Amino acid sequence: MSEHQHGKKSSTARIPDPYTPGHGSPDYNVRHYDLELDIRLASNRLQGVAVIRGRATTRLHQIALDLAGLKVGKVQLNGSRVAKFTQRGEKLVVNVPHAIAKGEDFLLEVRYDGNPRPRRGTWGEVGWEELDDGVLVAGQPDGAPSWFPCNDHPSQKASYRFTVTTDADYRVVCNGRLVEHRRKSSRETWIFEQKEPMASYLATLQIGRYHRFDIAGPVASVPIHVAVPPQLKAQATDGLEQQRRMMEVFQDLFGPYPFGEYSVVVTEDELEIPLEAQGLSIIGRNHLAKDWEAQRLVAHELSHQWFGNSLTVASWNDIWLHEGFACYAEWLWSEASATMNAQLRALAAWRKLADSPQDLLVGEPGPKDMFDDRVYKRGALALHALRTTMGSEAFFALLHEWTRKHRHSSVTSQEFFALADSLVPGLDAAGLLRPWLYEKRLPPLPAPQR
């Protein structure tokens with residue numbers, strides 16, 4: 001694969017990241033993960049083999065990986081057994097017998113097992129979740145080490161292959177395309193390939209008694225799959241009725257859908273909020289209503305395929321580039337579906353923010369507040385202010401160029417500002433957006449264009 005296919009590694013990525021201290025290593029880039037997982041649902045037992053292809057970015061004497069709550073039994077480096085490795089806290093450190101030169105590729109194989117569980121931290125429980133009848137994985141922002149060893153930072157994008165063996169009569173859903181499915185006795189194996197680069201937190205595994213159906217569309221359209229408990233199929237068909245139209249609207253506004261297909265997993269459990277993964281979304285049965293509150297969440301998760309999954313922040317401080325854009329996508333869907341125009345959505349959000357504490361820098365919210373609703377709403381208002389100043393035609397041309405130029409890459413706010421300025425001479429996007437992103441006091445809402 002070319003370096004572009006593996007995603008551009010931004011020079012401004014902060015590793016270790018102060019938002020997720022202790023996670024990630026700047027000493028190497030992972031290019032590919034090959035994960036072979038055997039899962040016993042009744043006992044929540046995982047046996048795994050992770051084959052990791054990496055490239056050193058400095059002279060390596062050790063390789064540090066993130067792995068939480070699972071025990072490593074054996075490690076091989078470039079086909080030779082490595083006797084010396086240590087696990088301390090949530091780090092697996094492999095000693096390299098002969099230093100790996102900067103720019104040199106290496107192949108690491110890690111065999112591990114245990115009873116996976118979510119990580120507990122700043123954002124509650126994140127990662128592997130054992131359901132009453134299955135498994136759900138939601139890794140944002142630091143839950144990936146709960147089920148596989150990884151270089152856990154959003155800038156570390158790689159391709160993946162998942163081989164998952166589990167109990168018969170359950171459906172497995174992972175990122176990417178299902179390339180093989182076979183059954184042997186009481187076990188079934190599912191193999192998925194995720195060729196487009198993906199950050200570790202976006203890797204997912206869903207296991208349940210799901211039935212799959214497709215949402216129909218034109219022959220050349222993006223395939224949309226739904227995995228749902230059979231008893232919820234009618235409800236899912238009704239609640240996701242607008243999913244195809246959302247896809248068409250967002251492709252028109254943002255540019256081509258960045259992956260080969262899209263899946264929605266509907267859990268039998270109710271979920272507090274929908275969950276994001278690359279190429280798919282996970283929603284609870286409680287998100288299948290047709291009212292605005294449910295439909296905006298369906299649109300929000302779809303828009304993350306462009307803003308968050310294809311274009312992923314180089315460091316977590318720029319989280320508004322994910323959540324502000326996805327919130328604004330909700331307003332754009334509201335506009336396209338003739339529910340309420342974006343200006344009225346912006347006004348309602350502005351009024352709510354005006355009555356809320358104004359003590360947060362949206363462009364640098366800090367780890368505790370990175371998922372605060374004010375990051376979402378004020379980030380969306382920043383984009384609305386930019387659209388109002390540029391005009392809709394130039395603004396959507398900017399979004400198309402943003403998603404095209406940085407497709408499957410790591411991005412920063414400064415790159416977004418620079419691109420906007422290059423398309424509209426004299427704009428000064430950084431200056432325009434500074435009050436929205438880097439000042440605590442809420443600026444006035446711009447008047448709509450006439």
# chains A, B, ... in the order shown; residues from 1 in each chain; ligands from 1

call {"tool": "residues_around", "arguments": {"residues": "A:Lys290", "least_positions_apart": "4", "cutoff": "9 Å", "atoms": "only C-alpha atoms", "output": "PyMOL selection string"}}
result
chain A and resi 238-241+294-295

call {"tool": "write_last_selection", "arguments": {"atoms": "N, CA and C atoms", "output": "CSV table (one decimal), in the first residue's frame"}}
result
chain,number,residue,atom,x,y,z
A,238,ASP,N,-38.8,1.1,9.8
A,238,ASP,CA,-39.6,2.4,9.9
A,238,ASP,C,-38.7,3.5,10.5
A,239,GLY,N,-37.9,3.3,11.5
A,239,GLY,CA,-37.1,4.3,12.1
A,239,GLY,C,-35.9,4.7,11.3
A,240,LEU,N,-35.5,3.9,10.4
A,240,LEU,CA,-34.3,4.2,9.5
A,240,LEU,C,-34.8,4.5,8.1
A,241,GLU,N,-36.0,4.8,7.9
A,241,GLU,CA,-36.6,5.1,6.6
A,241,GLU,C,-35.9,6.2,5.9
A,294,ALA,N,-34.6,11.6,17.8
A,294,ALA,CA,-34.0,10.4,17.3
A,294,ALA,C,-33.4,10.5,16.0
A,295,GLN,N,-34.1,11.2,15.0
A,295,GLN,CA,-33.5,11.3,13.7
A,295,GLN,C,-32.3,12.1,13.6

call {"tool": "closest_atom_pairs", "arguments": {"of": "stretch 28-57 of chain A", "to": "stretch 203-206 of chain A", "cutoff": "12 Å", "atoms": "only C-alpha atoms", "output": "Markdown table"}}
result
| residue | atom | partner | partner_atom | distance |
| --- | --- | --- | --- | --- |
| A:Tyr33 | CA | A:Ala203 | CA | 10.5 |
| A:Leu35 | CA | A:Ala203 | CA | 11.0 |
| A:Leu37 | CA | A:Leu205 | CA | 10.4 |
| A:Ile39 | CA | A:Leu205 | CA | 11.0 |
| A:Leu41 | CA | A:Gln206 | CA | 11.9 |

call {"tool": "residues_around", "arguments": {"residues": "stretch 101-112 of chain A", "least_positions_apart": "6", "cutoff": "9 Å", "atoms": "only C-alpha atoms", "output": "JSON list (two decimals) with N, CA and C atoms, in the first residue's frame"}}
result
[["chain", "number", "residue", "atom", "x", "y", "z"],
["A", 27, "ASP", "N", 7.05, 6.52, 18.75],
["A", 27, "ASP", "CA", 8.28, 5.89, 18.29],
["A", 27, "ASP", "C", 8.08, 5.00, 17.05],
["A", 28, "TYR", "N", 6.83, 4.72, 16.71],
["A", 28, "TYR", "CA", 6.56, 3.89, 15.54],
["A", 28, "TYR", "C", 5.15, 4.15, 15.05],
["A", 46, "LEU", "N", -11.91, -14.34, 25.99],
["A", 46, "LEU", "CA", -11.28, -13.96, 24.72],
["A", 46, "LEU", "C", -9.88, -14.55, 24.64],
["A", 47, "GLN", "N", -9.61, -15.25, 23.55],
["A", 47, "GLN", "CA", -8.25, -15.65, 23.19],
["A", 47, "GLN", "C", -7.91, -14.93, 21.89],
["A", 48, "GLY", "N", -6.80, -14.22, 21.89],
["A", 48, "GLY", "CA", -6.48, -13.40, 20.73],
["A", 48, "GLY", "C", -5.05, -13.56, 20.26],
["A", 49, "VAL", "N", -4.90, -13.37, 18.94],
["A", 49, "VAL", "CA", -3.58, -13.24, 18.33],
["A", 49, "VAL", "C", -3.61, -11.96, 17.52],
["A", 50, "ALA", "N", -2.72, -11.03, 17.85],
["A", 50, "ALA", "CA", -2.62, -9.78, 17.12],
["A", 50, "ALA", "C", -1.29, -9.75, 16.38],
["A", 51, "VAL", "N", -1.35, -9.65, 15.06],
["A", 51, "VAL", "CA", -0.15, -9.51, 14.24],
["A", 51, "VAL", "C", -0.11, -8.06, 13.76],
["A", 52, "ILE", "N", 0.94, -7.36, 14.14],
["A", 52, "ILE", "CA", 1.02, -5.92, 13.96],
["A", 52, "ILE", "C", 2.21, -5.59, 13.07],
["A", 53, "ARG", "N", 1.92, -4.95, 11.95],
["A", 53, "ARG", "CA", 2.98, -4.48, 11.05],
["A", 53, "ARG", "C", 3.24, -3.01, 11.34],
["A", 54, "GLY", "N", 4.46, -2.69, 11.72],
["A", 54, "GLY", "CA", 4.79, -1.32, 12.08],
["A", 54, "GLY", "C", 6.04, -0.83, 11.39],
["A", 55, "ARG", "N", 6.29, 0.46, 11.54],
["A", 55, "ARG", "CA", 7.50, 1.08, 10.99],
["A", 55, "ARG", "C", 8.06, 2.04, 12.03],
["A", 56, "ALA", "N", 9.31, 1.89, 12.34],
["A", 56, "ALA", "CA", 9.96, 2.72, 13.36],
["A", 56, "ALA", "C", 10.10, 4.16, 12.88],
["A", 57, "THR", "N", 9.78, 5.11, 13.75],
["A", 57, "THR", "CA", 9.99, 6.52, 13.45],
["A", 57, "THR", "C", 11.23, 7.06, 14.16],
["A", 58, "THR", "N", 11.85, 6.20, 14.97],
["A", 58, "THR", "CA", 13.12, 6.50, 15.62],
["A", 58, "THR", "C", 13.83, 5.16, 15.83],
["A", 59, "ARG", "N", 15.05, 5.18, 16.30],
["A", 59, "ARG", "CA", 15.75, 3.92, 16.57],
["A", 59, "ARG", "C", 15.09, 3.24, 17.77],
["A", 60, "LEU", "N", 14.61, 2.02, 17.58],
["A", 60, "LEU", "CA", 13.80, 1.34, 18.58],
["A", 60, "LEU", "C", 14.59, 0.29, 19.35],
["A", 70, "LEU", "N", -5.87, -7.69, 30.02],
["A", 70, "LEU", "CA", -5.69, -8.98, 29.35],
["A", 70, "LEU", "C", -4.23, -9.42, 29.50],
["A", 71, "LYS", "N", -4.01, -10.73, 29.57],
["A", 71, "LYS", "CA", -2.68, -11.26, 29.86],
["A", 71, "LYS", "C", -2.00, -11.75, 28.60],
["A", 72, "VAL", "N", -0.77, -11.32, 28.40],
["A", 72, "VAL", "CA", 0.02, -11.75, 27.24],
["A", 72, "VAL", "C", 0.76, -13.03, 27.59],
["A", 73, "GLY", "N", 0.69, -14.03, 26.68],
["A", 73, "GLY", "CA", 1.37, -15.30, 26.92],
["A", 73, "GLY", "C", 2.64, -15.45, 26.11],
["A", 74, "LYS", "N", 2.69, -14.86, 24.91],
["A", 74, "LYS", "CA", 3.83, -15.05, 24.03],
["A", 74, "LYS", "C", 3.92, -13.89, 23.05],
["A", 75, "VAL", "N", 5.15, -13.49, 22.74],
["A", 75, "VAL", "CA", 5.39, -12.42, 21.77],
["A", 75, "VAL", "C", 6.48, -12.87, 20.81],
["A", 76, "GLN", "N", 6.24, -12.64, 19.53],
["A", 76, "GLN", "CA", 7.27, -12.89, 18.51],
["A", 76, "GLN", "C", 7.54, -11.61, 17.74],
["A", 77, "LEU", "N", 8.80, -11.38, 17.44],
["A", 77, "LEU", "CA", 9.22, -10.23, 16.65],
["A", 77, "LEU", "C", 9.92, -10.72, 15.40],
["A", 78, "ASN", "N", 9.37, -10.36, 14.26],
["A", 78, "ASN", "CA", 9.93, -10.77, 12.96],
["A", 78, "ASN", "C", 10.16, -12.27, 12.89],
["A", 79, "GLY", "N", 9.22, -13.04, 13.46],
["A", 79, "GLY", "CA", 9.26, -14.50, 13.36],
["A", 79, "GLY", "C", 10.06, -15.20, 14.42],
["A", 148, "PHE", "N", -7.64, -5.38, 22.31],
["A", 148, "PHE", "CA", -6.47, -5.77, 21.52],
["A", 148, "PHE", "C", -5.30, -4.83, 21.79],
["A", 149, "PRO", "N", -4.07, -5.32, 21.65],
["A", 149, "PRO", "CA", -2.89, -4.47, 21.85],
["A", 149, "PRO", "C", -2.74, -3.52, 20.68]]

call {"tool": "closest_residue", "arguments": {"among": "A:Arg441, A:Glu196, A:Arg404, A:Ser337", "to": "A:Asp355", "atoms": "only C-alpha atoms"}}
result
A:Arg441

call {"tool": "residues_around", "arguments": {"residues": "A:Trp306", "least_positions_apart": "5", "cutoff": "8 Å", "atoms": "only C-alpha atoms", "output": "PyMOL selection string"}}
result
chain A and resi 254+257-258+311+403

call {"tool": "write_last_selection", "arguments": {"atoms": "N, CA and C atoms", "output": "compact mmCIF listing (two decimals), in the first residue's frame"}}
result
# COMPACT_ATOMS: atom_id res chain seq x y z
N PHE A 254 -21.07 17.17 1.37
CA PHE A 254 -19.72 16.93 1.89
C PHE A 254 -18.77 16.30 0.88
N TYR A 257 -19.11 9.57 -0.26
CA TYR A 257 -18.98 8.77 0.95
C TYR A 257 -17.61 8.10 0.94
N PRO A 258 -16.85 8.18 2.05
CA PRO A 258 -15.43 7.77 2.01
C PRO A 258 -15.14 6.29 2.16
N LEU A 311 -11.66 11.77 8.05
CA LEU A 311 -10.83 12.85 8.58
C LEU A 311 -10.85 12.73 10.10
N THR A 403 -12.80 17.40 2.68
CA THR A 403 -12.92 15.94 2.72
C THR A 403 -12.13 15.28 1.61

call {"tool": "closest_residue", "arguments": {"among": "A:Ala64, A:Ala216, A:Asn115, A:Leu427", "to": "A:Val94", "atoms": "only C-alpha atoms"}}
result
A:Ala64

call {"tool": "select_by_dssp", "arguments": {"residues": "stretch 12-161 of chain A", "states": "strand (DSSP E)", "output": "PyMOL selection string"}}
result
chain A and resi 28-40+45-56+60-66+71-77+80-82+85-88+91-100+105-114+119-121+124-131+134-138+157-161

call {"tool": "decode", "arguments": {"residues": "stretch 310-367 of chain A", "atoms": "C-alpha atoms", "output": "CSV table (one decimal), in the first residue's frame"}}
result
chain,number,residue,atom,x,y,z
A,310,SER,CA,-12.1,9.6,7.2
A,311,LEU,CA,-10.8,12.8,8.6
A,312,THR,CA,-9.6,12.1,12.1
A,313,VAL,CA,-8.1,14.6,14.5
A,314,ALA,CA,-4.3,14.5,14.9
A,315,SER,CA,-4.8,15.3,18.6
A,316,TRP,CA,-7.9,15.2,20.9
A,317,ASN,CA,-7.8,18.9,21.6
A,318,ASP,CA,-9.3,19.5,18.1
A,319,ILE,CA,-12.4,17.3,18.9
A,320,TRP,CA,-14.6,20.1,17.6
A,321,LEU,CA,-13.5,19.1,14.1
A,322,HIS,CA,-15.5,15.9,14.8
A,323,GLU,CA,-18.4,16.9,17.0
A,324,GLY,CA,-19.0,20.5,15.8
A,325,PHE,CA,-19.2,19.2,12.2
A,326,ALA,CA,-21.5,16.3,13.1
A,327,CYS,CA,-23.8,18.7,15.1
A,328,TYR,CA,-23.9,21.1,12.1
A,329,ALA,CA,-24.7,18.1,9.9
A,330,GLU,CA,-27.8,17.6,12.1
A,331,TRP,CA,-28.9,21.1,11.2
A,332,LEU,CA,-28.2,20.6,7.5
A,333,TRP,CA,-30.3,17.5,7.6
A,334,SER,CA,-33.0,19.5,9.3
A,335,GLU,CA,-32.8,22.0,6.5
A,336,ALA,CA,-32.8,19.3,3.7
A,337,SER,CA,-35.7,17.5,5.3
A,338,ALA,CA,-37.8,20.7,5.6
A,339,THR,CA,-37.9,20.3,9.4
A,340,MET,CA,-36.3,23.6,10.3
A,341,ASN,CA,-33.7,25.7,8.6
A,342,ALA,CA,-30.1,25.9,9.9
A,343,GLN,CA,-30.5,29.5,10.9
A,344,LEU,CA,-33.3,28.7,13.3
A,345,ARG,CA,-31.4,25.7,14.7
A,346,ALA,CA,-28.4,28.0,15.2
A,347,LEU,CA,-30.5,30.6,16.9
A,348,ALA,CA,-32.0,28.0,19.3
A,349,ALA,CA,-28.5,26.7,20.1
A,350,TRP,CA,-27.2,30.2,20.6
A,351,ARG,CA,-29.9,31.0,23.1
A,352,LYS,CA,-29.3,27.8,25.0
A,353,LEU,CA,-25.6,28.5,25.2
A,354,ALA,CA,-26.2,32.1,26.3
A,355,ASP,CA,-28.0,30.7,29.3
A,356,SER,CA,-25.2,28.2,30.0
A,357,PRO,CA,-21.9,28.7,31.8
A,358,GLN,CA,-19.4,30.4,29.5
A,359,ASP,CA,-16.2,28.9,30.9
A,360,LEU,CA,-15.1,26.6,28.2
A,361,LEU,CA,-12.7,26.9,25.2
A,362,VAL,CA,-14.3,24.8,22.5
A,363,GLY,CA,-11.0,24.6,20.5
A,364,GLU,CA,-9.1,23.3,23.6
A,365,PRO,CA,-11.8,22.0,26.0
A,366,GLY,CA,-9.6,19.8,28.2
A,367,PRO,CA,-10.2,16.0,28.6
